[in-house]
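Student: Dropping in model31.pdb, which is PDB, C-alpha atoms:
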```
MODEL        1
ATOM      1  CA  MET A   1      -1.701 -13.915 -14.023  1.00  0.00           C
ATOM      2  CA  THR A   2      -2.856 -15.475 -10.757  1.00  0.00           C
ATOM      3  CA  THR A   3       0.187 -17.348  -9.476  1.00  0.00           C
ATOM      4  CA  LEU A   4       3.849 -16.657  -9.034  1.00  0.00           C
ATOM      5  CA  ASP A   5       6.121 -17.695 -11.833  1.00  0.00           C
ATOM      6  CA  HIS A   6       9.804 -17.571 -12.702  1.00  0.00           C
ATOM      7  CA  ALA A   7       9.408 -14.314 -14.603  1.00  0.00           C
ATOM      8  CA  LEU A   8       8.536 -12.547 -11.337  1.00  0.00           C
ATOM      9  CA  LEU A   9      10.649 -14.043  -8.569  1.00  0.00           C
ATOM     10  CA  ASP A  10      13.428 -16.010 -10.246  1.00  0.00           C
ATOM     11  CA  TRP A  11      15.743 -13.043 -10.552  1.00  0.00           C
ATOM     12  CA  SER A  12      18.186 -11.183  -8.318  1.00  0.00           C
ATOM     13  CA  LEU A  13      15.686  -9.706  -5.911  1.00  0.00           C
ATOM     14  CA  GLU A  14      17.398  -7.396  -3.436  1.00  0.00           C
ATOM     15  CA  ALA A  15      14.595  -5.643  -1.504  1.00  0.00           C
ATOM     16  CA  VAL A  16      10.851  -5.747  -0.904  1.00  0.00           C
ATOM     17  CA  VAL A  17       8.719  -2.617  -0.550  1.00  0.00           C
ATOM     18  CA  PHE A  18       5.224  -3.065   0.880  1.00  0.00           C
ATOM     19  CA  ASP A  19       2.203  -0.849   0.640  1.00  0.00           C
ATOM     20  CA  CYS A  20       0.511  -0.501   4.047  1.00  0.00           C
ATOM     21  CA  ASP A  21      -3.254   0.077   3.730  1.00  0.00           C
ATOM     22  CA  GLY A  22      -4.979  -3.009   2.404  1.00  0.00           C
ATOM     23  CA  THR A  23      -1.679  -4.851   1.946  1.00  0.00           C
ATOM     24  CA  LEU A  24      -0.150  -5.127   5.420  1.00  0.00           C
ATOM     25  CA  MET A  25      -2.973  -3.615   7.454  1.00  0.00           C
ATOM     26  CA  ASP A  26      -6.684  -4.297   7.020  1.00  0.00           C
ATOM     27  CA  SER A  27      -7.522  -0.607   7.083  1.00  0.00           C
ATOM     28  CA  GLU A  28      -9.490  -0.085   3.873  1.00  0.00           C
ATOM     29  CA  ARG A  29     -12.670  -0.837   5.809  1.00  0.00           C
ATOM     30  CA  HIS A  30     -11.683   1.971   8.185  1.00  0.00           C
ATOM     31  CA  TRP A  31     -11.235   4.365   5.265  1.00  0.00           C
ATOM     32  CA  GLN A  32     -14.642   3.362   3.920  1.00  0.00           C
ATOM     33  CA  GLU A  33     -16.303   3.993   7.267  1.00  0.00           C
ATOM     34  CA  ALA A  34     -14.369   7.251   7.704  1.00  0.00           C
ATOM     35  CA  ARG A  35     -15.589   8.442   4.300  1.00  0.00           C
ATOM     36  CA  SER A  36     -19.165   7.533   5.199  1.00  0.00           C
ATOM     37  CA  ARG A  37     -18.935   9.390   8.518  1.00  0.00           C
ATOM     38  CA  ALA A  38     -17.383  12.456   6.866  1.00  0.00           C
ATOM     39  CA  PHE A  39     -20.164  12.553   4.272  1.00  0.00           C
ATOM     40  CA  ARG A  40     -22.872  12.119   6.929  1.00  0.00           C
ATOM     41  CA  GLU A  41     -21.292  14.787   9.105  1.00  0.00           C
ATOM     42  CA  HIS A  42     -21.942  17.239   6.291  1.00  0.00           C
ATOM     43  CA  GLY A  43     -25.408  15.928   5.449  1.00  0.00           C
ATOM     44  CA  LEU A  44     -24.205  14.226   2.263  1.00  0.00           C
ATOM     45  CA  GLN A  45     -24.395  10.747   0.714  1.00  0.00           C
ATOM     46  CA  PRO A  46     -21.536   9.128  -1.243  1.00  0.00           C
ATOM     47  CA  PRO A  47     -22.443   8.471  -4.873  1.00  0.00           C
ATOM     48  CA  PRO A  48     -22.637   4.858  -6.119  1.00  0.00           C
ATOM     49  CA  GLY A  49     -19.243   3.306  -6.784  1.00  0.00           C
ATOM     50  CA  PHE A  50     -17.331   5.923  -4.812  1.00  0.00           C
ATOM     51  CA  ALA A  51     -15.402   3.346  -2.764  1.00  0.00           C
ATOM     52  CA  GLU A  52     -13.809   1.936  -5.919  1.00  0.00           C
ATOM     53  CA  GLN A  53     -12.858   5.421  -7.125  1.00  0.00           C
ATOM     54  CA  ALA A  54     -11.206   6.256  -3.811  1.00  0.00           C
ATOM     55  CA  LEU A  55      -9.201   3.039  -3.390  1.00  0.00           C
ATOM     56  CA  GLY A  56      -5.513   3.735  -2.858  1.00  0.00           C
ATOM     57  CA  LEU A  57      -5.760   7.534  -3.041  1.00  0.00           C
ATOM     58  CA  HIS A  58      -3.865   9.839  -0.708  1.00  0.00           C
ATOM     59  CA  TYR A  59      -6.342  11.138   1.853  1.00  0.00           C
ATOM     60  CA  GLU A  60      -6.028  14.728   0.600  1.00  0.00           C
ATOM     61  CA  ASP A  61      -6.782  13.608  -2.957  1.00  0.00           C
ATOM     62  CA  CYS A  62      -9.674  11.569  -1.570  1.00  0.00           C
ATOM     63  CA  GLY A  63     -11.075  14.586   0.274  1.00  0.00           C
ATOM     64  CA  ARG A  64     -11.014  16.615  -2.924  1.00  0.00           C
ATOM     65  CA  LEU A  65     -12.645  13.756  -4.815  1.00  0.00           C
ATOM     66  CA  MET A  66     -15.344  13.509  -2.170  1.00  0.00           C
ATOM     67  CA  ALA A  67     -16.162  17.188  -2.608  1.00  0.00           C
ATOM     68  CA  GLN A  68     -16.187  16.914  -6.395  1.00  0.00           C
ATOM     69  CA  ALA A  69     -18.366  13.785  -6.307  1.00  0.00           C
ATOM     70  CA  VAL A  70     -21.152  15.623  -4.474  1.00  0.00           C
ATOM     71  CA  HIS A  71     -20.646  18.856  -6.439  1.00  0.00           C
ATOM     72  CA  LYS A  72     -19.483  20.763  -3.368  1.00  0.00           C
ATOM     73  CA  PRO A  73     -15.884  21.784  -4.202  1.00  0.00           C
ATOM     74  CA  GLU A  74     -15.982  24.403  -1.448  1.00  0.00           C
ATOM     75  CA  LEU A  75     -16.128  21.553   1.110  1.00  0.00           C
ATOM     76  CA  ALA A  76     -12.870  19.903   0.012  1.00  0.00           C
ATOM     77  CA  GLU A  77     -10.837  21.120   2.990  1.00  0.00           C
ATOM     78  CA  ASP A  78     -13.545  20.322   5.541  1.00  0.00           C
ATOM     79  CA  LEU A  79     -14.190  16.841   4.127  1.00  0.00           C
ATOM     80  CA  THR A  80     -10.464  16.090   4.056  1.00  0.00           C
ATOM     81  CA  ALA A  81     -10.048  17.056   7.710  1.00  0.00           C
ATOM     82  CA  ALA A  82     -13.118  15.054   8.751  1.00  0.00           C
ATOM     83  CA  LEU A  83     -11.925  12.037   6.770  1.00  0.00           C
ATOM     84  CA  LEU A  84      -8.545  11.952   8.507  1.00  0.00           C
ATOM     85  CA  ASP A  85     -10.013  12.546  11.976  1.00  0.00           C
ATOM     86  CA  HIS A  86     -12.517   9.707  11.625  1.00  0.00           C
ATOM     87  CA  PHE A  87      -9.913   7.351  10.153  1.00  0.00           C
ATOM     88  CA  LEU A  88      -7.400   7.970  12.937  1.00  0.00           C
ATOM     89  CA  ALA A  89     -10.069   7.232  15.536  1.00  0.00           C
ATOM     90  CA  LEU A  90     -11.131   4.019  13.813  1.00  0.00           C
ATOM     91  CA  VAL A  91      -7.658   2.624  13.111  1.00  0.00           C
ATOM     92  CA  THR A  92      -6.564   3.324  16.682  1.00  0.00           C
ATOM     93  CA  GLU A  93      -9.524   1.382  18.029  1.00  0.00           C
ATOM     94  CA  GLU A  94      -9.048  -1.703  15.859  1.00  0.00           C
ATOM     95  CA  PRO A  95      -5.719  -2.259  14.079  1.00  0.00           C
ATOM     96  CA  VAL A  96      -5.829  -5.568  12.166  1.00  0.00           C
ATOM     97  CA  THR A  97      -3.222  -7.109   9.875  1.00  0.00           C
ATOM     98  CA  MET A  98      -4.123  -8.637   6.529  1.00  0.00           C
ATOM     99  CA  PRO A  99      -4.041 -12.465   6.295  1.00  0.00           C
ATOM    100  CA  GLY A 100      -0.465 -13.691   6.017  1.00  0.00           C
ATOM    101  CA  ALA A 101       1.078 -10.226   6.367  1.00  0.00           C
ATOM    102  CA  ALA A 102       2.770 -10.689   9.737  1.00  0.00           C
ATOM    103  CA  ARG A 103       4.087 -14.137   8.838  1.00  0.00           C
ATOM    104  CA  LEU A 104       5.497 -13.013   5.485  1.00  0.00           C
ATOM    105  CA  VAL A 105       7.165  -9.918   6.911  1.00  0.00           C
ATOM    106  CA  ARG A 106       8.816 -11.949   9.659  1.00  0.00           C
ATOM    107  CA  LEU A 107      10.006 -14.554   7.158  1.00  0.00           C
ATOM    108  CA  LEU A 108      11.612 -11.890   4.966  1.00  0.00           C
ATOM    109  CA  SER A 109      12.984  -9.747   7.781  1.00  0.00           C
ATOM    110  CA  GLY A 110      16.761 -10.036   8.026  1.00  0.00           C
ATOM    111  CA  ARG A 111      16.988 -11.787   4.675  1.00  0.00           C
ATOM    112  CA  LEU A 112      16.158  -8.773   2.520  1.00  0.00           C
ATOM    113  CA  PRO A 113      15.890  -5.033   3.189  1.00  0.00           C
ATOM    114  CA  LEU A 114      12.224  -4.216   3.781  1.00  0.00           C
ATOM    115  CA  ALA A 115      10.496  -0.861   3.405  1.00  0.00           C
ATOM    116  CA  VAL A 116       6.992   0.562   3.371  1.00  0.00           C
ATOM    117  CA  ALA A 117       5.752   2.993   0.714  1.00  0.00           C
ATOM    118  CA  SER A 118       2.356   4.384   1.680  1.00  0.00           C
ATOM    119  CA  ASN A 119      -0.033   7.197   0.813  1.00  0.00           C
ATOM    120  CA  CYS A 120      -1.070   7.418   4.467  1.00  0.00           C
ATOM    121  CA  PRO A 121       0.274   9.999   6.918  1.00  0.00           C
ATOM    122  CA  ARG A 122       3.412   8.824   8.725  1.00  0.00           C
ATOM    123  CA  VAL A 123       1.637   8.814  12.090  1.00  0.00           C
ATOM    124  CA  VAL A 124      -0.909   6.334  10.723  1.00  0.00           C
ATOM    125  CA  VAL A 125       1.701   4.017   9.194  1.00  0.00           C
ATOM    126  CA  GLU A 126       3.989   4.026  12.214  1.00  0.00           C
ATOM    127  CA  GLY A 127       1.141   3.629  14.685  1.00  0.00           C
ATOM    128  CA  SER A 128      -0.526   0.794  12.793  1.00  0.00           C
ATOM    129  CA  LEU A 129       2.675  -1.182  12.285  1.00  0.00           C
ATOM    130  CA  GLU A 130       3.817  -0.581  15.851  1.00  0.00           C
ATOM    131  CA  ARG A 131       0.552  -1.891  17.295  1.00  0.00           C
ATOM    132  CA  ALA A 132       0.781  -4.888  14.969  1.00  0.00           C
ATOM    133  CA  GLY A 133       4.338  -5.642  16.153  1.00  0.00           C
ATOM    134  CA  LEU A 134       5.798  -5.180  12.665  1.00  0.00           C
ATOM    135  CA  LEU A 135       7.413  -1.747  12.691  1.00  0.00           C
ATOM    136  CA  ALA A 136      10.862  -2.975  13.735  1.00  0.00           C
ATOM    137  CA  HIS A 137      11.114  -5.198  10.661  1.00  0.00           C
ATOM    138  CA  PHE A 138      11.176  -2.256   8.246  1.00  0.00           C
ATOM    139  CA  ARG A 139      14.303  -0.228   7.590  1.00  0.00           C
ATOM    140  CA  HIS A 140      12.432   2.660   5.998  1.00  0.00           C
ATOM    141  CA  LEU A 141       8.939   4.149   5.846  1.00  0.00           C
ATOM    142  CA  VAL A 142       8.258   6.485   2.930  1.00  0.00           C
ATOM    143  CA  VAL A 143       5.136   8.650   2.735  1.00  0.00           C
ATOM    144  CA  PRO A 144       4.245  11.716   0.653  1.00  0.00           C
ATOM    145  CA  ASP A 145       6.050  14.833   1.852  1.00  0.00           C
ATOM    146  CA  ALA A 146       5.593  18.222   0.222  1.00  0.00           C
ATOM    147  CA  GLY A 147       8.788  19.507   1.853  1.00  0.00           C
ATOM    148  CA  ASP A 148      10.864  16.731   0.338  1.00  0.00           C
ATOM    149  CA  ARG A 149       8.850  16.870  -2.895  1.00  0.00           C
ATOM    150  CA  VAL A 150       7.711  13.268  -2.494  1.00  0.00           C
ATOM    151  CA  ARG A 151       4.382  13.057  -4.312  1.00  0.00           C
ATOM    152  CA  PRO A 152       1.653  10.508  -3.476  1.00  0.00           C
ATOM    153  CA  LYS A 153       0.773   7.489  -5.577  1.00  0.00           C
ATOM    154  CA  PRO A 154       0.104   7.087  -8.510  1.00  0.00           C
ATOM    155  CA  HIS A 155       3.275   9.183  -8.859  1.00  0.00           C
ATOM    156  CA  PRO A 156       6.343   6.934  -8.556  1.00  0.00           C
ATOM    157  CA  ASP A 157       8.055   8.960  -5.822  1.00  0.00           C
ATOM    158  CA  VAL A 158       7.380   6.854  -2.710  1.00  0.00           C
ATOM    159  CA  TYR A 159       8.588   3.679  -4.422  1.00  0.00           C
ATOM    160  CA  ALA A 160      11.580   5.316  -6.044  1.00  0.00           C
ATOM    161  CA  VAL A 161      12.667   6.784  -2.696  1.00  0.00           C
ATOM    162  CA  ALA A 162      12.086   3.492  -0.854  1.00  0.00           C
ATOM    163  CA  ALA A 163      14.285   1.564  -3.295  1.00  0.00           C
ATOM    164  CA  ARG A 164      17.000   4.213  -3.041  1.00  0.00           C
ATOM    165  CA  LEU A 165      16.941   4.163   0.769  1.00  0.00           C
ATOM    166  CA  CYS A 166      17.225   0.365   0.680  1.00  0.00           C
ATOM    167  CA  GLY A 167      20.349   0.821  -1.444  1.00  0.00           C
ATOM    168  CA  VAL A 168      19.105  -1.131  -4.452  1.00  0.00           C
ATOM    169  CA  PRO A 169      18.257  -0.253  -8.065  1.00  0.00           C
ATOM    170  CA  PRO A 170      14.463  -0.066  -8.504  1.00  0.00           C
ATOM    171  CA  ARG A 171      14.533  -2.942 -11.013  1.00  0.00           C
ATOM    172  CA  ARG A 172      15.935  -5.179  -8.237  1.00  0.00           C
ATOM    173  CA  ALA A 173      13.098  -4.412  -5.821  1.00  0.00           C
ATOM    174  CA  LEU A 174       9.664  -6.007  -5.538  1.00  0.00           C
ATOM    175  CA  ALA A 175       6.620  -3.879  -4.692  1.00  0.00           C
ATOM    176  CA  VAL A 176       3.675  -5.546  -2.947  1.00  0.00           C
ATOM    177  CA  GLU A 177       0.390  -3.727  -3.598  1.00  0.00           C
ATOM    178  CA  ASP A 178      -3.369  -4.161  -3.307  1.00  0.00           C
ATOM    179  CA  SER A 179      -4.592  -1.213  -5.415  1.00  0.00           C
ATOM    180  CA  LEU A 180      -4.199  -0.291  -9.052  1.00  0.00           C
ATOM    181  CA  THR A 181      -3.159   3.194  -7.938  1.00  0.00           C
ATOM    182  CA  GLY A 182      -0.245   1.652  -6.083  1.00  0.00           C
ATOM    183  CA  VAL A 183       0.562  -0.791  -8.870  1.00  0.00           C
ATOM    184  CA  GLU A 184       0.819   2.137 -11.273  1.00  0.00           C
ATOM    185  CA  ALA A 185       3.140   4.018  -8.899  1.00  0.00           C
ATOM    186  CA  ALA A 186       5.452   1.029  -8.516  1.00  0.00           C
ATOM    187  CA  ARG A 187       5.556   0.365 -12.244  1.00  0.00           C
ATOM    188  CA  ARG A 188       6.407   4.012 -12.942  1.00  0.00           C
ATOM    189  CA  ALA A 189       9.279   3.674 -10.489  1.00  0.00           C
ATOM    190  CA  SER A 190      10.539   0.568 -12.390  1.00  0.00           C
ATOM    191  CA  LEU A 191       9.895  -1.926  -9.579  1.00  0.00           C
ATOM    192  CA  ARG A 192       8.410  -5.309 -10.289  1.00  0.00           C
ATOM    193  CA  VAL A 193       4.986  -5.676  -8.745  1.00  0.00           C
ATOM    194  CA  LEU A 194       3.093  -8.378  -6.888  1.00  0.00           C
ATOM    195  CA  GLY A 195      -0.603  -7.568  -6.569  1.00  0.00           C
ATOM    196  CA  VAL A 196      -2.573  -9.037  -3.667  1.00  0.00           C
ATOM    197  CA  GLY A 197      -6.238  -9.171  -2.764  1.00  0.00           C
ATOM    198  CA  PRO A 198      -9.380  -9.407  -4.880  1.00  0.00           C
ATOM    199  CA  ARG A 199      -8.444  -9.574  -8.544  1.00  0.00           C
ATOM    200  CA  PRO A 200      -9.377  -6.316 -10.303  1.00  0.00           C
ATOM    201  CA  GLN A 201     -12.002  -6.429 -12.981  1.00  0.00           C
ATOM    202  CA  GLY A 202     -11.023  -6.217 -16.628  1.00  0.00           C
ATOM    203  CA  ASP A 203      -7.330  -6.205 -17.446  1.00  0.00           C
ATOM    204  CA  GLY A 204      -6.278  -4.336 -14.287  1.00  0.00           C
ATOM    205  CA  ALA A 205      -4.528  -7.334 -12.764  1.00  0.00           C
ATOM    206  CA  THR A 206      -2.259  -7.659 -15.803  1.00  0.00           C
ATOM    207  CA  ARG A 207      -0.605  -4.377 -14.853  1.00  0.00           C
ATOM    208  CA  ALA A 208       1.126  -6.287 -12.041  1.00  0.00           C
ATOM    209  CA  ASP A 209       3.726  -8.970 -12.756  1.00  0.00           C
ATOM    210  CA  ALA A 210       1.623 -11.429 -10.762  1.00  0.00           C
ATOM    211  CA  TRP A 211      -1.552 -11.336  -8.687  1.00  0.00           C
ATOM    212  CA  LEU A 212      -2.358 -13.474  -5.639  1.00  0.00           C
ATOM    213  CA  PRO A 213      -5.491 -13.564  -3.475  1.00  0.00           C
ATOM    214  CA  SER A 214      -3.596 -12.881  -0.243  1.00  0.00           C
ATOM    215  CA  LEU A 215      -0.192 -12.796   1.432  1.00  0.00           C
ATOM    216  CA  ASP A 216      -0.809 -16.230   2.932  1.00  0.00           C
ATOM    217  CA  ALA A 217      -0.909 -17.855  -0.514  1.00  0.00           C
ATOM    218  CA  PRO A 218       1.049 -21.131  -0.214  1.00  0.00           C
ATOM    219  CA  GLU A 219       3.359 -20.413  -3.155  1.00  0.00           C
ATOM    220  CA  LEU A 220       4.364 -17.038  -1.728  1.00  0.00           C
ATOM    221  CA  LEU A 221       5.124 -18.447   1.708  1.00  0.00           C
ATOM    222  CA  ALA A 222       7.047 -21.325   0.121  1.00  0.00           C
ATOM    223  CA  TRP A 223       9.190 -18.826  -1.761  1.00  0.00           C
ATOM    224  CA  ALA A 224       9.848 -16.839   1.424  1.00  0.00           C
ATOM    225  CA  HIS A 225      10.808 -20.000   3.309  1.00  0.00           C
ATOM    226  CA  ALA A 226      13.243 -20.899   0.523  1.00  0.00           C
ATOM    227  CA  LEU A 227      15.268 -17.731   1.009  1.00  0.00           C
ATOM    228  CA  ASP A 228      18.227 -19.146   2.886  1.00  0.00           C
ATOM    229  CA  SER A 229      20.670 -16.264   2.540  1.00  0.00           C
ATOM    230  CA  PRO A 230      20.618 -13.159   4.749  1.00  0.00           C
ATOM    231  CA  GLN A 231      21.293 -11.203   1.565  1.00  0.00           C
ATOM    232  CA  GLY A 232      18.379 -12.732  -0.334  1.00  0.00           C
ATOM    233  CA  PRO A 233      18.368 -14.950  -3.417  1.00  0.00           C
ATOM    234  CA  ARG A 234      21.047 -14.788  -6.061  1.00  0.00           C
ATOM    235  CA  THR A 235      19.965 -16.336  -9.322  1.00  0.00           C
ATOM    236  CA  PRO A 236      21.729 -16.190 -12.666  1.00  0.00           C
TER     237      PRO A 236
ENDMDL
END
```
Using C-alpha cells, write down the structure that the file contains.

Tutor:
Amino acid sequence: MTTLDHALLDWSLEAVVFDCDGTLMDSERHWQEARSRAFREHGLQPPPGFAEQALGLHYEDCGRLMAQAVHKPELAEDLTAALLDHFLALVTEEPVTMPGAARLVRLLSGRLPLAVASNCPRVVVEGSLERAGLLAHFRHLVVPDAGDRVRPKPHPDVYAVAARLCGVPPRRALAVEDSLTGVEAARRASLRVLGVGPRPQGDGATRADAWLPSLDAPELLAWAHALDSPQGPRTP
C-alpha cells in the first residue's frame, strides 16, 4: 500500500504517536556516521549491509550487534559507549527535521494528543525536538527504561505506554514509523501504523497499514488540514 485509504484513517482516531529517529528527525545519517566512527576507533570495518541490519535498533542492541558482526563480542560495551558518544556529538552539531515533520506536527498539535515513542535515550529525543522547536507539541515522550521495565522496540512497550499516557486505547492510536523494527513494535502494541520513508524491499511495507514516501505527502497534509475538531475526527 502506498497511499492513505479509508481503512487507515477513516476511523475514530484519538492520538498519534511518532517515532523520532528517521521519522521526525533526520538522524539516521548521524547514527550511520557514529557507527562508522566507532568501528574505526577500534580499528574495525563494518561488514556489508550492516546499516540495514542496525536500522531502528536501540543503541545498546546496536552496540552488541556491532561487536557480533566483527566477531569481537568482548568489545560490545566499548562499541556501545563509542557509538552513543559519537552520535550525541553529531546530532548536537546538526539537528535536522525530516521533510514535512514540523508542518504535520504543528497541524495536529492541539487537535489530537501527540506523543513520541523512541528507542533513543531521553536526552537525545528531548534535545533534538527542543532544538527543532517541536518539543512543546508532545504531551509525552516514552523511551526504553529498565527501571520501569519499558523494553526497546521491537517489543511493544514504548507504544503501549505512549497510548496509555495519552489516555486512549491502543487501537484508537496511530503510530508513525520509518523502520520495520518500529512498525513491528507498534503492531504488537495494537496501534495502527503509517510507515514513512523509502519503501522497504519485499513485503516489509505491507506490515504497516499504509506507507508514504514522506510526511509532506499531499494526502497526509490534506487529512491533517481536514481535522477541524480539537478532539480529532469522529467517524461512524

Student: Using only C-alpha atoms, find each residue in range 121-225 of chain A having at least one atom no more than 6 Å away from range 98-109 of chain A; report its shortest atom-to-atom pair and that distance in Å (one decimal), rows by chain then rising number, as CSV.

Tutor:
```
residue,atom,partner,partner_atom,distance
A:His137,CA,A:Ser109,CA,5.7
A:Leu215,CA,A:Gly100,CA,4.7
A:Asp216,CA,A:Gly100,CA,4.0
```

Student: So which one's closest to Pro200 in chain A, A:Leu114, A:Leu24, A:Leu220, A:Leu55? Using all atoms listed in the file, please.

Tutor: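 Of the candidates, the smallest distance to Pro200 in chain A is held by A:Leu55.
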
Student: Need the shell around range 182-195 of chain A: protein/DNA/RNA residues with any atom at most 6 Å away, counting all atoms listed in the file. Skip same-chain ones fewer than 5 positions apart. Format as a ChimeraX atom specification?

Tutor: /A:153-156,159-160,170-171,173-177,208-211

Student: For Leu180 in chain A, which residue out of A:Ala69, A:Ala89, A:Val161, A:Ala54 is the nearest one, using all atoms listed in the file?

Tutor: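 Ranked by minimum distance to Leu180 in chain A, first place goes to A:Ala54.
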
Student: How many Å separate CA of Glu28 in chain A from CA of Ala51 in chain A?

Tutor: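 Between CA of Glu28 in chain A and CA of Ala51 in chain A the gap is 9.5 Å.
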
Student: Residues within 12 Å of (19.5, 1.4, -0.1), file coordinates, counting all atoms listed in the file: what are they? Give the list as number ranges by chain.

Tutor: A: 14-17, 112-115, 139-140, 159-170, 172-173

Student: Pull C-alpha atoms from the residues just selected and write them as a tab-separated table (two decimals), in the coordinates of the input.

Tutor:
```tsv
chain	number	residue	atom	x	y	z
A	14	GLU	CA	17.40	-7.40	-3.44
A	15	ALA	CA	14.60	-5.64	-1.50
A	16	VAL	CA	10.85	-5.75	-0.90
A	17	VAL	CA	8.72	-2.62	-0.55
A	112	LEU	CA	16.16	-8.77	2.52
A	113	PRO	CA	15.89	-5.03	3.19
A	114	LEU	CA	12.22	-4.22	3.78
A	115	ALA	CA	10.50	-0.86	3.40
A	139	ARG	CA	14.30	-0.23	7.59
A	140	HIS	CA	12.43	2.66	6.00
A	159	TYR	CA	8.59	3.68	-4.42
A	160	ALA	CA	11.58	5.32	-6.04
A	161	VAL	CA	12.67	6.78	-2.70
A	162	ALA	CA	12.09	3.49	-0.85
A	163	ALA	CA	14.28	1.56	-3.30
A	164	ARG	CA	17.00	4.21	-3.04
A	165	LEU	CA	16.94	4.16	0.77
A	166	CYS	CA	17.23	0.36	0.68
A	167	GLY	CA	20.35	0.82	-1.44
A	168	VAL	CA	19.10	-1.13	-4.45
A	169	PRO	CA	18.26	-0.25	-8.06
A	170	PRO	CA	14.46	-0.07	-8.50
A	172	ARG	CA	15.94	-5.18	-8.24
A	173	ALA	CA	13.10	-4.41	-5.82
```

Student: Near range 73-85 of chain A, counting only C-alpha atoms, which residues have an atom at most 6 Å away, once you skip same-chain residues fewer than 4 positions from it, shown as a VMD selection string?

Tutor: chain A and resid 34 to 35 38 60 63 to 64 67 to 68

Student: Considering only C-alpha atoms, state which residue in the set A:Leu135, A:Leu90, A:Val150, A:Ala205 is at the smallest distance from Ser27 in chain A.

Tutor: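 Of A:Leu135, A:Leu90, A:Val150, A:Ala205, the one nearest Ser27 in chain A is A:Leu90, counting only C-alpha atoms.
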
Student: Please evaluate the PyMOL selection byres ((chain A and resi 128-134) around 9) against the structure above and give the resulting residues as a ChimeraX atom specification.

Tutor: /A:20,24-25,91-92,95-97,102,105-106,123-127,135-138

Student: Just the selected residues (C-alpha atoms), exported as a PDB file, keeping the file's coordinate frame, please.

Tutor:
```
ATOM      1  CA  CYS A  20       0.511  -0.501   4.047  1.00  0.00           C
ATOM      2  CA  LEU A  24      -0.150  -5.127   5.420  1.00  0.00           C
ATOM      3  CA  MET A  25      -2.973  -3.615   7.454  1.00  0.00           C
ATOM      4  CA  VAL A  91      -7.658   2.624  13.111  1.00  0.00           C
ATOM      5  CA  THR A  92      -6.564   3.324  16.682  1.00  0.00           C
ATOM      6  CA  PRO A  95      -5.719  -2.259  14.079  1.00  0.00           C
ATOM      7  CA  VAL A  96      -5.829  -5.568  12.166  1.00  0.00           C
ATOM      8  CA  THR A  97      -3.222  -7.109   9.875  1.00  0.00           C
ATOM      9  CA  ALA A 102       2.770 -10.689   9.737  1.00  0.00           C
ATOM     10  CA  VAL A 105       7.165  -9.918   6.911  1.00  0.00           C
ATOM     11  CA  ARG A 106       8.816 -11.949   9.659  1.00  0.00           C
ATOM     12  CA  VAL A 123       1.637   8.814  12.090  1.00  0.00           C
ATOM     13  CA  VAL A 124      -0.909   6.334  10.723  1.00  0.00           C
ATOM     14  CA  VAL A 125       1.701   4.017   9.194  1.00  0.00           C
ATOM     15  CA  GLU A 126       3.989   4.026  12.214  1.00  0.00           C
ATOM     16  CA  GLY A 127       1.141   3.629  14.685  1.00  0.00           C
ATOM     17  CA  LEU A 135       7.413  -1.747  12.691  1.00  0.00           C
ATOM     18  CA  ALA A 136      10.862  -2.975  13.735  1.00  0.00           C
ATOM     19  CA  HIS A 137      11.114  -5.198  10.661  1.00  0.00           C
ATOM     20  CA  PHE A 138      11.176  -2.256   8.246  1.00  0.00           C
TER      21      PHE A 138
END
```

Student: Using Å and a single decimal, report how far CA of Pro121 in chain A sits from CA of Tyr59 in chain A.

Tutor: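 Separation between CA of Tyr59 in chain A and CA of Pro121 in chain A: 8.4 Å.
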
Student: In Å, how far is it from CA of Asp178 in chain A to CA of Pro152 in chain A?

Tutor: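 So the answer is 15.5 Å.
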
Student: Using all atoms of range 189-194 of chain A that appear in the file, construct an axis-aligned enclosing box with 5 Å of padding on every side and provide its centre coordinates and edge lengths in Å, rounded to one decimal, as AutoDock Vina command-line options.

Tutor:
```
--center_x 6.8 --center_y -2.4 --center_z -9.6 --size_x 17.4 --size_y 22.1 --size_z 15.5
```

Student: With the file shown as input, list the residues that the PyMOL selection byres ((chain A and resi 70) around 8) selects, as a VMD selection string.

Tutor: chain A and resid 44 to 47 66 to 69 71 to 72

Student: For the file shown, report as a list in words the outcome of the PyMOL selection byres ((chain A and resi 119) around 9) at residue level.

Tutor: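 Taken over the shown coordinates, the PyMOL selection byres ((chain A and resi 119) around 9) returns Asp19, Cys20, Asp21, Gly56, Leu57, His58, Tyr59, Ala117, Ser118, Cys120, Pro121, Arg122, Val142, Val143, Pro144, Arg151, Pro152, Lys153, Val158 and Gly182 of chain A.
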
Student: Could you write out that same residue set with C-alpha atoms as a PDB file, keeping the file's coordinate frame?

Tutor:
```pdb
ATOM      1  CA  ASP A  19       2.203  -0.849   0.640  1.00  0.00           C
ATOM      2  CA  CYS A  20       0.511  -0.501   4.047  1.00  0.00           C
ATOM      3  CA  ASP A  21      -3.254   0.077   3.730  1.00  0.00           C
ATOM      4  CA  GLY A  56      -5.513   3.735  -2.858  1.00  0.00           C
ATOM      5  CA  LEU A  57      -5.760   7.534  -3.041  1.00  0.00           C
ATOM      6  CA  HIS A  58      -3.865   9.839  -0.708  1.00  0.00           C
ATOM      7  CA  TYR A  59      -6.342  11.138   1.853  1.00  0.00           C
ATOM      8  CA  ALA A 117       5.752   2.993   0.714  1.00  0.00           C
ATOM      9  CA  SER A 118       2.356   4.384   1.680  1.00  0.00           C
ATOM     10  CA  CYS A 120      -1.070   7.418   4.467  1.00  0.00           C
ATOM     11  CA  PRO A 121       0.274   9.999   6.918  1.00  0.00           C
ATOM     12  CA  ARG A 122       3.412   8.824   8.725  1.00  0.00           C
ATOM     13  CA  VAL A 142       8.258   6.485   2.930  1.00  0.00           C
ATOM     14  CA  VAL A 143       5.136   8.650   2.735  1.00  0.00           C
ATOM     15  CA  PRO A 144       4.245  11.716   0.653  1.00  0.00           C
ATOM     16  CA  ARG A 151       4.382  13.057  -4.312  1.00  0.00           C
ATOM     17  CA  PRO A 152       1.653  10.508  -3.476  1.00  0.00           C
ATOM     18  CA  LYS A 153       0.773   7.489  -5.577  1.00  0.00           C
ATOM     19  CA  VAL A 158       7.380   6.854  -2.710  1.00  0.00           C
ATOM     20  CA  GLY A 182      -0.245   1.652  -6.083  1.00  0.00           C
TER      21      GLY A 182
END
```
